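Structure, as structure tokens:
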Amino acid sequence: MNSSESELKKISTELKHLSLKRQQLVEKKNLLGILQELRNRAEFGHAEDKSSNQHEIDSIDDKLKQLTERKAELQKSHDNILNAKDKKSKIVSFTPSQTTVPATSPPPPPPVSGIIYVEAPPTIPAPTVILDLEKLPECPCRTQCPECRQFIMTETYTSVSSVTWLVCFMTALIGCVAGCCLIPFCLDRFKSTTHRCPKCRTSIQTIKKL
């Protein structure tokens, strides 16, 4: 393994780590926002708790900004290494035997008839490829994986999110404590949807309900 391949592997590993850390920070920020909103509605939160929560949210925003800048730098380095490898692969070395002019003239081209055959366009429309990851729907769709750079059909799966717990608490508060408060855990409409690449198994985008 040469230096460029090892550098690419190192950058890919760090990009995956940054994506996972960013997702954890976003989850924590959303949970803090929900807790702060519940305190404001219940009107029993102290001013010190509100200021500490706001300070922690601001700290998470700063960390997310740093992670975004670092990810952009790594992605730029990754693209530069790939472009350099592509340029090297396109270099063709000519031997003296290839540069010599042949003694005989090349055969004349075949006569061109006046008839041109044109194939009919396909009747099936081309599949839509969504490149903006923020606009991904909740169902599987075609897009480009940001990690392996392949055009794929995403895989989707649902997971319990802060909205699921919030709906559970709200149903428990209105009196549904005989098992009805667990209904949100059985319905996908209250859960988060995550798109995943079927080739490199990387999480591409998580769609939140809140």
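Labels used: A, B, ... for chains in the order of the structure tokens, numbers from 1 for residues in each chain, and numbers from 1 for ligands as shown.
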Test item: residues at most 12 Å from Leu20 (chain A), only C-alpha atoms, excluding those fewer than 3 positions along its chain, as a list of chain:residue names: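 In the requested format, the answer is A:Thr13, A:Glu14, A:Leu15, A:Lys16, A:His17, A:Gln23, A:Gln24, A:Leu25, A:Val26, A:Glu27, A:Leu64, A:Leu67, A:Lys71, A:Thr202, A:Ser203, A:Ile204, A:Gln205, A:Thr206.
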Nearest-residue call for Pro127 (chain A), choices A:Lys76, A:Arg70, A:Lys9, A:Arg142, using only C-alpha atoms: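 Closest to Pro127 (chain A) of all the choices is A:Arg142.
Between CA of Gly33 (chain A) and CA of Glu56 (chain A) there is a distance of 10.4 Å.
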Residue with smallest distance to Arg149 (chain A) - pool A:Thr128, A:Ser4, A:Gln54, A:Ser12, counting only C-alpha atoms: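 Counting only C-alpha atoms, the residue closest to Arg149 (chain A) is A:Ser12.
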Pick from A:Arg39, A:Arg196, A:Lys85, A:His55, whichever lies nearest to Glu5 (chain A) using only C-alpha atoms: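 When distances to Glu5 (chain A) are compared using only C-alpha atoms, the smallest one comes from A:Lys85.
In terms of minimum interatomic distance to Ser77 (chain A), A:Glu7 ranks closest within A:Asp58, A:Glu119, A:Glu37, A:Glu7, counting only C-alpha atoms.
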Those of region 113-201 of chain A in DSSP strand (DSSP E), formatted as a ChimeraX atom specification: /A:142-144,151-153,155-159,192-196
